[in-house]
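Participant: Got a structure for you, written out below as structure tokens; questions coming shortly.
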Amino acid sequence: MPAPDPVQTPSIDRLLSIMARLRDPQRGCPWDLAQDFSTIAPYTIEEAYEVVDAIDRGDLDDLKDELGDLLLQVVFHAQMAAEQGAFEFDEVADAISDKLVRRHPHIFASVQADDAADVARNWEEIKRIERAGKGEQDASALAAISRGMPEWQRALKLQSRAAKTGFDWPSPAPVMAKLEEEMAEVRAELARDADDPDRAARLQDEIGDLLFVCLNLARKSQVDAGSALRHANAKFERRFRAMEAEAERDGLTFAELELEAQEALWQRVKRNERQVAG
């Protein structure tokens, strides 16, 4: 039976109705009908990042729109699952509601939790029990860390899980020492003969170690690595665009300048920023 046209029903019901109409086999949108879980997954990740971007910019109007886009991803996946007879949106909502109640026994039951650290410990223990209940045999502290997240986020998750067992740096200082050690190893590999057939693999290994330690340094310094990297990206983009504009004002094309001239523009942009900042 074809899906009905969407009507002016409240909130989520209207969205679900629109999504069903878009996926209607007879009257739906060709693009929406052509999608499956794997083709929609990249959009789901992209929309999550756009939510974070709106938060970083402090733009609440944009945040409202981006949260809607992210909600659409949930509704889209649920609609496709319903078409396969796997589950429906209400089951998704019920599942997360049940999970929230189950993982907050200090709110919905009689478990005591005096602070956020107690809550986190209870949460991890409940997750462990849930995994055991599903028959999962991996008893490692690193069990069930998703392989679908960006590798830098997975690295932080691995480090945080390991830290809960006591396997952690006591402070940022020894991490800095380790960072210097890893830098020396990268320099040593770069100094090797470029024709060495194993050089690329060793460099990948050493640079991977270096990045892993950098993330550890951020974690031990209580700096959000994602926010720090987003800030660095934004700063680089701002300065690069300013260099292009400076070159254009000088009657030049940035890409045609020698590296020395480009570096001079970079330094000029940085000086301008410092002057504006006071």
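Residues in the structure tokens are numbered from 1 in each chain, the chains being A, B, ... in the order shown, and ligands are numbered from 1 in the order shown.
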Quick one: residues within 9 Å of A:Val75, only C-alpha atoms counted, chain neighbours fewer than 3 positions away excluded, as a PyMOL selection string?

Facilitator: chain A and resi 15-16+19+70-72+78-80+89

Participant: Suppose we keep N, CA, C and O atoms; can you now write the selection as an mmCIF file, in the first residue's frame?

Facilitator:
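After the write, again31.cif holds the following:
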data_model
loop_
_atom_site.group_PDB
_atom_site.id
_atom_site.type_symbol
_atom_site.label_atom_id
_atom_site.label_comp_id
_atom_site.auth_asym_id
_atom_site.auth_seq_id
_atom_site.Cartn_x
_atom_site.Cartn_y
_atom_site.Cartn_z
ATOM 1 N N LEU A 15 7.503 13.995 10.680
ATOM 2 C CA LEU A 15 8.772 13.626 10.058
ATOM 3 C C LEU A 15 8.748 12.176 9.587
ATOM 4 O O LEU A 15 9.198 11.859 8.479
ATOM 5 N N LEU A 16 8.230 11.291 10.407
ATOM 6 C CA LEU A 16 8.136 9.876 10.026
ATOM 7 C C LEU A 16 7.242 9.703 8.804
ATOM 8 O O LEU A 16 7.531 8.895 7.908
ATOM 9 N N MET A 19 9.163 10.851 5.698
ATOM 10 C CA MET A 19 10.176 9.884 5.307
ATOM 11 C C MET A 19 9.544 8.671 4.630
ATOM 12 O O MET A 19 10.072 8.154 3.622
ATOM 13 N N LEU A 70 20.552 15.702 11.612
ATOM 14 C CA LEU A 70 21.023 14.472 12.251
ATOM 15 C C LEU A 70 19.851 13.559 12.600
ATOM 16 O O LEU A 70 19.935 12.335 12.424
ATOM 17 N N LEU A 71 18.763 14.144 13.082
ATOM 18 C CA LEU A 71 17.570 13.348 13.384
ATOM 19 C C LEU A 71 17.044 12.674 12.121
ATOM 20 O O LEU A 71 16.589 11.514 12.166
ATOM 21 N N LEU A 72 17.117 13.380 10.999
ATOM 22 C CA LEU A 72 16.686 12.787 9.731
ATOM 23 C C LEU A 72 17.455 11.508 9.438
ATOM 24 O O LEU A 72 16.893 10.534 8.918
ATOM 25 N N ALA A 78 15.893 4.084 10.254
ATOM 26 C CA ALA A 78 14.772 3.350 10.837
ATOM 27 C C ALA A 78 13.736 2.985 9.774
ATOM 28 O O ALA A 78 13.165 1.889 9.798
ATOM 29 N N GLN A 79 13.492 3.891 8.832
ATOM 30 C CA GLN A 79 12.539 3.609 7.761
ATOM 31 C C GLN A 79 13.015 2.440 6.903
ATOM 32 O O GLN A 79 12.235 1.533 6.579
ATOM 33 N N MET A 80 14.288 2.440 6.551
ATOM 34 C CA MET A 80 14.823 1.340 5.738
ATOM 35 C C MET A 80 14.754 0.019 6.498
ATOM 36 O O MET A 80 14.461 -1.028 5.916
ATOM 37 N N PHE A 89 10.993 2.846 14.037
ATOM 38 C CA PHE A 89 11.502 3.988 14.797
ATOM 39 C C PHE A 89 11.115 3.889 16.269
ATOM 40 O O PHE A 89 11.941 4.185 17.154
#

Participant: For A:Pro105, find every residue with an atom within 10 Å (counting only C-alpha atoms), except residues of its own chain fewer than 4 positions away, and show them as a list in words.

Facilitator: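 In the requested form, the answer reads Leu100, Val101, Ala109, Ser110, Val111, Gln112, Ala113, Val119, Asn122, Trp123 and Ile126 of chain A.
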
Participant: Compile the contact shell of A:Arg187 as a ChimeraX atom specification: residues with an atom at most 12 Å away, counting only C-alpha atoms, same-chain residues fewer than 6 positions apart removed.

Facilitator: /A:180-181,199,202-203,206-207,210

Participant: With C-alpha atoms retained, export the selected residues as a PDB file, in the first residue's frame.

Facilitator:
ATOM      1  CA  GLU A 180      60.551  13.678  22.145  1.00  0.00           C
ATOM      2  CA  GLU A 181      61.595  10.011  21.954  1.00  0.00           C
ATOM      3  CA  ARG A 199      61.439   2.825   4.795  1.00  0.00           C
ATOM      4  CA  ARG A 202      58.756   2.004   9.158  1.00  0.00           C
ATOM      5  CA  LEU A 203      57.876   5.675   8.724  1.00  0.00           C
ATOM      6  CA  GLU A 206      56.846   5.651  13.728  1.00  0.00           C
ATOM      7  CA  ILE A 207      54.569   8.510  12.681  1.00  0.00           C
ATOM      8  CA  LEU A 210      54.020   9.933  17.287  1.00  0.00           C
TER       9      LEU A 210
END

Participant: Wanna dump the stretch 80-141 of chain A-stretch 31-52 of chain A contacts at 12 Å for me, each residue with its shortest atom pair and the distance in Å to one decimal, counting only C-alpha atoms, ordered by chain and number, as CSV?

Facilitator:
residue,atom,partner,partner_atom,distance
A:Met80,CA,A:Asp36,CA,7.2
A:Ala81,CA,A:Phe37,CA,8.7
A:Glu83,CA,A:Asp36,CA,11.0
A:Gln84,CA,A:Asp36,CA,11.1

Participant: Can you tell me, as a ChimeraX atom specification, what residues are no more than 10 Å from A:Ala143 when counting only C-alpha atoms, ignoring any on the same chain fewer than 3 positions away?

Facilitator: /A:128,131,136-140,146,158,161

Participant: I need the helix (DSSP H, G or I) residues of stretch 23-212 of chain A per DSSP on the backbone, written as a VMD selection string.

Facilitator: chain A and resid 30 to 33 37 to 57 60 to 83 89 to 102 105 to 108 116 to 133 151 to 163 172 to 190 199 to 212

Participant: Using only C-alpha atoms, which residues sit within 7 Å of A:Ala225 once same-chain residues fewer than 4 positions away are excluded, as a ChimeraX atom specification?

Facilitator: /A:215,218,229

Participant: Take the residues just selected and output them with all heavy atoms as a PDB file, in the first residue's frame.

Facilitator:
ATOM      1  N   LEU A 215      48.072  12.480  20.992  1.00  0.00           N
ATOM      2  CA  LEU A 215      46.717  12.366  21.534  1.00  0.00           C
ATOM      3  C   LEU A 215      46.757  12.099  23.032  1.00  0.00           C
ATOM      4  O   LEU A 215      45.941  12.625  23.795  1.00  0.00           O
ATOM      5  CB  LEU A 215      45.953  11.260  20.804  1.00  0.00           C
ATOM      6  CG  LEU A 215      45.580  11.588  19.362  1.00  0.00           C
ATOM      7  CD1 LEU A 215      45.113  10.341  18.633  1.00  0.00           C
ATOM      8  CD2 LEU A 215      44.501  12.662  19.320  1.00  0.00           C
ATOM      9  N   ALA A 218      47.361  15.385  24.767  1.00  0.00           N
ATOM     10  CA  ALA A 218      46.128  16.177  24.865  1.00  0.00           C
ATOM     11  C   ALA A 218      45.246  15.647  25.988  1.00  0.00           C
ATOM     12  O   ALA A 218      44.725  16.415  26.810  1.00  0.00           O
ATOM     13  CB  ALA A 218      45.377  16.138  23.537  1.00  0.00           C
ATOM     14  N   LEU A 229      42.095  20.247  17.376  1.00  0.00           N
ATOM     15  CA  LEU A 229      42.372  20.071  15.950  1.00  0.00           C
ATOM     16  C   LEU A 229      41.454  20.937  15.100  1.00  0.00           C
ATOM     17  O   LEU A 229      41.889  21.515  14.093  1.00  0.00           O
ATOM     18  CB  LEU A 229      42.223  18.597  15.576  1.00  0.00           C
ATOM     19  CG  LEU A 229      42.668  18.190  14.178  1.00  0.00           C
ATOM     20  CD1 LEU A 229      44.110  18.611  13.908  1.00  0.00           C
ATOM     21  CD2 LEU A 229      42.502  16.692  13.978  1.00  0.00           C
TER      22      LEU A 229
END

Participant: Can you work out the spacing between atom CA of A:Thr253 and atom CA of A:Arg241 in Å, to one decimal?

Facilitator: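 Atom-to-atom, atom CA of A:Thr253 and atom CA of A:Arg241 are spaced 12.3 Å apart.
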
Participant: Smallest atom-to-atom distance to A:Asp13: which of A:Ala247, A:Asp90, A:Asp168, A:Ile55, using only C-alpha atoms?

Facilitator: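 That would be A:Asp90, the residue with the smallest distance to A:Asp13.
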